[in-house]
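Notes follow once the structure below has been shown.
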Amino acid sequence: MLLVKTLTSSTFKLALIAIGTFGVIVSAIFSYVYLSTSAYMRVQADRAIMTEYASLQDAYERSGRDGLTALVRQRVADRSFADNVYLLADSSLAVLGGNIAAWPSQVTPSGGWIEFRSTEPSPGATDRPLLRAMVQTFPNGDRLLVGRDVSELDSFADQIETAVISVVVLIFVLAAVASVLVTRRTVGRIESINATSRAIMLSGLDKRIPLRGTNDEWDRVAENLNLMLDRIETLMGEVKQVSDNVAHDLRTPLTRMRGRLEKAYHGNRIAENDQSLIGDTIADLDAVLRIFSSITRIAQIETQARKVGFRTVNLVEIAGEVVELYDAAAEPAGTSLTVAGDSEVLVTGDRDLIFDAIANLVDNAIKHGRTGGRVVVASETVDGRPVISIADDGPGIPPDEYEHVFKRFYRLEHSRYTPGNGLGLSLVAAVARLHGARIEMLDNSPGLKLRLWFSGPAG
Amino acid sequence: MTGGHRRILVVEDDPETAGQIVESLTTSGYRVDLAATGNEALSRGLASDYAVITMDRMLPDIDGITVMRQLRDDGVAAPVLIISALGEVDDRVRGLRAGGDDYLVKPFSFVELLARVEALGRRSDTVAKETILRVGDLAIDLVSRTASRRGKDIFLFPREFQLLEYLVRNEGSVVSRAMLLQHVWDLHFDPSTNIIDVYVGRVRRKVDGQQAYPLIHTVRGIGYCLRAPR
């Protein structure tokens, strides 16, 4: 199974292409080496024959046929010329001297370079040696053949040829084995990712891709995929939590409405009661619709579609407007609501959404702050980053609750009975995410200080 | 308003919703024509002179925005109230950019619809450019941005004055919370808290506190109405 996957994988195909290209280049280089080596050896052999021929010709020119015959006899007797063949014949091809018994039948007596097999085997060998020789006719019709045994030359060329072929074959085999191994490893890692993906599709998000601890790119891919799975799992968990909460928060008013209507349906028509019943039902329906539109609003913000409407806005201005609006709510609670900080803090964003987020935070600060307390909204630039903080001096939030308060519908136990649908901070979180802003919660001792760090100045 | 200017074209494809809109507008004294498709809306819109056109965005044949653009191109100047089930501001604002004058998101209350139609209708026939508006013993000066009752100045913050001005301009008509947010704060969403009521409450204390009669009235479940006693 794995082998089939290995052989059909794209990595293996790429490896094959690489091996093919490499093989062609290596073969070409080796062929060139082989051809030039054998040509060189042949040239060397020919040169030796020509030199020898020249000295024999010289002897002929100096002392005629007799001198040449004597020299040939001398050469044949000399051990150091054992590889050479000599043959001197007259115009009727009768042998006058040399170490070949008769004029070889396959050699045309005209002249030039010839190659032929000797009629008798060389001493100590079974096959007849290959000879290369030069033949020339002297003016008196005598013919001289001077040659060399080139069998060794030939077998040397054969050896080179064998070596080259074996090396090329070996390279191919090694490359093939290596690519199968490497591909197998790659395919193995991919296969483990695939197996995890299939397991996730079949059972659930709890599976993770195993790491090998090699700290290589495969481990990093696996790590990132695992992180992505973690994030998806968290989101799925949140979605489930939200739908449970939605079901709860919607069911409560719907049940109330249903009960009210059912009771009225079976009871007698009393104009006065009906009037207030319908009024209450409309109010409950409006509450349901409000929850509904808050949810769709948060969902819409999270799709990032709102980014197209981003422009440069002044946080100070928005904060001022929010404070001016919410001062009306702070006044009855005896809370002093004030702005602080710089006069201009620019960010790139959506005015409506930033307004809504700050309004939610200010609203929370007033509601959960101390009666007769202080709420300060400060906008400033810290280390080049725009930041807005909303601080109250109320009871605050236990630090271990910080993380949870931004989940949709999350409400601290003790605030279950204060009005609000628990979506406010989720909206703040969604708006922050859309703007690339970080939310920081601090202990204002006493109270809570919430800071929104925007990613950078406008523009 | 003359009879001709109390004529409304309702463009809505859902028969039940259309029936309810027509009924509530008729009850309020408007003459209502109904168009169920974009093509019908185009032919009716071009044939008669309407005070206001309400336009559903999702129509079976042509998109409401396209119909509205076509009407504008053909010289129809009647204010258009876009009614959308698409929700979010982005869509609404796009509707406004395309030449709409106001928007309403489904589901809506008929009181809100009436309030919006009323406001749009008034916009189309207000010509007088007064600098001082009066309702009962209240006078607001649009130039000096000051308000007074029985000659006694009322101290208002700029935003509070804007709110009062909007109520005065819509004297006798219901103004919803969403309309206030839109026109006074230029905000296109509905804050889930009751902050608008709290804010209007403060303006009301300043305007109506220790006076012979109240001017700002709460309209339950929808918003406010500024009027002098009859």
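Following the order of the structure tokens, first chain is A, next is B, and so on, with residues numbered from 1 inside each chain and ligands from 1 in the order they appear.
With only C-alpha atoms taken into account, chain A has Ala328, Ala329 and Asp352 of chain A at most 6 Å from chain B.
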Write out the residues from the selection above, keeping C-alpha atoms, as an mmCIF file, in the first residue's frame.
```
data_model
loop_
_atom_site.group_PDB
_atom_site.id
_atom_site.type_symbol
_atom_site.label_atom_id
_atom_site.label_comp_id
_atom_site.auth_asym_id
_atom_site.auth_seq_id
_atom_site.Cartn_x
_atom_site.Cartn_y
_atom_site.Cartn_z
ATOM 1 C CA ALA A 328 -27.124 60.649 30.956
ATOM 2 C CA ALA A 329 -26.908 57.109 32.350
ATOM 3 C CA ASP A 352 -19.994 52.899 14.201
#
```
### Task
Write out as a ChimeraX atom specification all residues of stretch 251-422 of chain A that backbone DSSP assigns to strand (DSSP E or B).
/A:311-314,336-341,346-349,374-382,385-391
Please dump the current selection as a short mmCIF file (atom, residue, chain, number, x, y, z; two decimals), in the first residue's frame; keep N, CA and C atoms.
```
data_model
loop_
_atom_site.label_atom_id
_atom_site.label_comp_id
_atom_site.auth_asym_id
_atom_site.auth_seq_id
_atom_site.Cartn_x
_atom_site.Cartn_y
_atom_site.Cartn_z
N ARG A 311 -11.95 53.89 7.68
CA ARG A 311 -11.32 55.16 7.37
C ARG A 311 -10.67 55.69 8.65
N THR A 312 -9.96 56.80 8.52
CA THR A 312 -9.27 57.34 9.68
C THR A 312 -10.27 58.00 10.63
N VAL A 313 -10.26 57.57 11.88
CA VAL A 313 -11.16 58.18 12.85
C VAL A 313 -10.35 58.58 14.08
N ASN A 314 -10.88 59.55 14.81
CA ASN A 314 -10.21 60.04 16.00
C ASN A 314 -10.85 59.39 17.23
N SER A 336 -19.34 59.61 38.22
CA SER A 336 -18.73 60.68 37.43
C SER A 336 -18.03 60.03 36.24
N LEU A 337 -18.50 60.42 35.06
CA LEU A 337 -17.96 59.84 33.82
C LEU A 337 -17.15 60.92 33.12
N THR A 338 -15.85 60.69 32.95
CA THR A 338 -15.01 61.73 32.36
C THR A 338 -14.09 61.16 31.28
N VAL A 339 -13.64 62.07 30.40
CA VAL A 339 -12.63 61.68 29.41
C VAL A 339 -11.28 62.20 29.86
N ALA A 340 -10.24 61.51 29.41
CA ALA A 340 -8.88 61.94 29.75
C ALA A 340 -7.97 61.59 28.59
N GLY A 341 -6.74 61.99 28.68
CA GLY A 341 -5.75 61.61 27.66
C GLY A 341 -5.48 62.69 26.65
N LEU A 346 -5.41 58.91 16.40
CA LEU A 346 -6.02 58.45 15.15
C LEU A 346 -5.86 56.94 14.98
N VAL A 347 -6.93 56.32 14.55
CA VAL A 347 -6.86 54.90 14.18
C VAL A 347 -7.61 54.71 12.87
N THR A 348 -7.32 53.60 12.19
CA THR A 348 -8.06 53.27 10.99
C THR A 348 -9.15 52.28 11.39
N GLY A 349 -10.39 52.64 11.13
CA GLY A 349 -11.45 51.73 11.56
C GLY A 349 -12.83 52.19 11.16
N ARG A 374 -16.28 56.46 39.97
CA ARG A 374 -15.70 57.21 38.85
C ARG A 374 -15.44 56.27 37.68
N VAL A 375 -15.81 56.72 36.50
CA VAL A 375 -15.45 55.98 35.30
C VAL A 375 -14.66 56.93 34.41
N VAL A 376 -13.44 56.51 34.02
CA VAL A 376 -12.59 57.38 33.21
C VAL A 376 -12.31 56.70 31.86
N VAL A 377 -12.59 57.44 30.79
CA VAL A 377 -12.29 56.93 29.45
C VAL A 377 -11.09 57.73 28.93
N ALA A 378 -9.95 57.07 28.78
CA ALA A 378 -8.74 57.78 28.38
C ALA A 378 -8.23 57.27 27.05
N SER A 379 -7.98 58.20 26.13
CA SER A 379 -7.39 57.83 24.83
C SER A 379 -6.00 58.44 24.77
N GLU A 380 -5.03 57.64 24.39
CA GLU A 380 -3.67 58.18 24.28
C GLU A 380 -2.86 57.34 23.32
N THR A 381 -1.65 57.81 23.03
CA THR A 381 -0.74 57.05 22.20
C THR A 381 0.41 56.59 23.08
N VAL A 382 0.56 55.28 23.22
CA VAL A 382 1.63 54.74 24.06
C VAL A 382 2.58 53.95 23.17
N ARG A 385 1.51 53.43 19.72
CA ARG A 385 0.28 52.67 19.45
C ARG A 385 -0.91 53.35 20.11
N PRO A 386 -2.01 53.52 19.34
CA PRO A 386 -3.20 54.14 19.91
C PRO A 386 -3.82 53.18 20.93
N VAL A 387 -4.21 53.72 22.06
CA VAL A 387 -4.83 52.87 23.08
C VAL A 387 -5.94 53.66 23.76
N ILE A 388 -7.04 52.96 24.00
CA ILE A 388 -8.13 53.60 24.75
C ILE A 388 -8.40 52.72 25.96
N SER A 389 -8.55 53.35 27.13
CA SER A 389 -8.81 52.55 28.32
C SER A 389 -10.08 53.04 29.00
N ILE A 390 -10.81 52.09 29.55
CA ILE A 390 -12.04 52.38 30.27
C ILE A 390 -11.85 51.81 31.68
N ALA A 391 -11.84 52.67 32.66
CA ALA A 391 -11.54 52.21 34.02
C ALA A 391 -12.66 52.59 34.97
#
```
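Of note, atom CA of A:Ile19 and atom CA of A:Tyr32 are spaced 19.8 Å apart.
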### Query
So which residues touch B:Ala51 within 6 Å, counting only C-alpha atoms, skipping near sequence neighbours fewer than 4 positions away, as a ChimeraX atom specification?
/B:5-8,78,121
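Atom CA of A:Ala432 is found 7.5 Å from atom CA of A:Leu452.
Between atom CA of A:Ala365 and atom CA of A:Ala429 there is a distance of 16.0 Å.
The environment of B:Thr26 within 12 Å, counting only C-alpha atoms and disregarding residues fewer than 6 places along the same chain, consists of Arg6, Arg7, Ile8, Leu9, Val10, Ala18, Gly19, Gln20, Val32, Asp33, Leu34, Phe110 and Leu114 of chain B.
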Dump of N, CA and C atoms for the selected residues, as a CSV table (one decimal), in the first residue's frame:
```csv
chain,number,residue,atom,x,y,z
B,6,ARG,N,-50.3,63.1,-0.4
B,6,ARG,CA,-50.5,62.0,0.6
B,6,ARG,C,-50.6,60.7,-0.1
B,7,ARG,N,-50.0,60.6,-1.3
B,7,ARG,CA,-50.0,59.4,-2.1
B,7,ARG,C,-48.7,58.6,-2.0
B,8,ILE,N,-48.8,57.3,-1.6
B,8,ILE,CA,-47.6,56.5,-1.4
B,8,ILE,C,-47.6,55.3,-2.3
B,9,LEU,N,-46.4,55.0,-2.8
B,9,LEU,CA,-46.3,53.8,-3.6
B,9,LEU,C,-45.6,52.8,-2.7
B,10,VAL,N,-46.2,51.6,-2.5
B,10,VAL,CA,-45.6,50.6,-1.7
B,10,VAL,C,-45.1,49.5,-2.6
B,18,ALA,N,-47.4,43.2,2.5
B,18,ALA,CA,-48.0,44.3,1.7
B,18,ALA,C,-49.3,44.7,2.2
B,19,GLY,N,-50.2,43.8,2.4
B,19,GLY,CA,-51.5,44.1,2.9
B,19,GLY,C,-51.5,44.9,4.2
B,20,GLN,N,-50.6,44.4,5.1
B,20,GLN,CA,-50.5,45.1,6.4
B,20,GLN,C,-49.9,46.5,6.3
B,32,VAL,N,-52.8,54.8,-1.1
B,32,VAL,CA,-51.7,53.8,-1.3
B,32,VAL,C,-51.8,53.0,-2.6
B,33,ASP,N,-50.8,53.0,-3.4
B,33,ASP,CA,-50.7,52.1,-4.6
B,33,ASP,C,-49.8,51.0,-4.2
B,34,LEU,N,-50.0,49.8,-4.7
B,34,LEU,CA,-49.1,48.7,-4.4
B,34,LEU,C,-48.5,48.1,-5.7
B,110,PHE,N,-45.1,48.8,12.6
B,110,PHE,CA,-45.8,49.7,11.6
B,110,PHE,C,-45.8,51.2,12.1
B,114,LEU,N,-44.7,54.2,9.8
B,114,LEU,CA,-45.4,55.4,9.7
B,114,LEU,C,-44.6,56.6,10.0
```
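By only C-alpha atoms, and with residues fewer than 5 positions from B:Ala77 along its chain excluded, the set lying at most 10 Å from it is Asp49, Tyr50, Ala51, Val52, Ile53, Leu71, Arg72, Gly99 and Ser124 of chain B.
Proximity ranking of A:Glu262, A:Asp274, A:Glu161, A:Asp249 relative to A:Ile291 places A:Asp249 first, based on only C-alpha atoms.
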### Query
How would you write, as a PyMOL selection string, the set of residues in stretch 79-197 of chain A that DSSP gives as helix (DSSP H, G or I)?
chain A and resi 79-81+151-197
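With only C-alpha atoms as the basis for measurement, A:Lys207 is the residue among A:Arg451, A:Arg433, A:Arg212, A:Lys207 that approaches A:Leu227 most closely.
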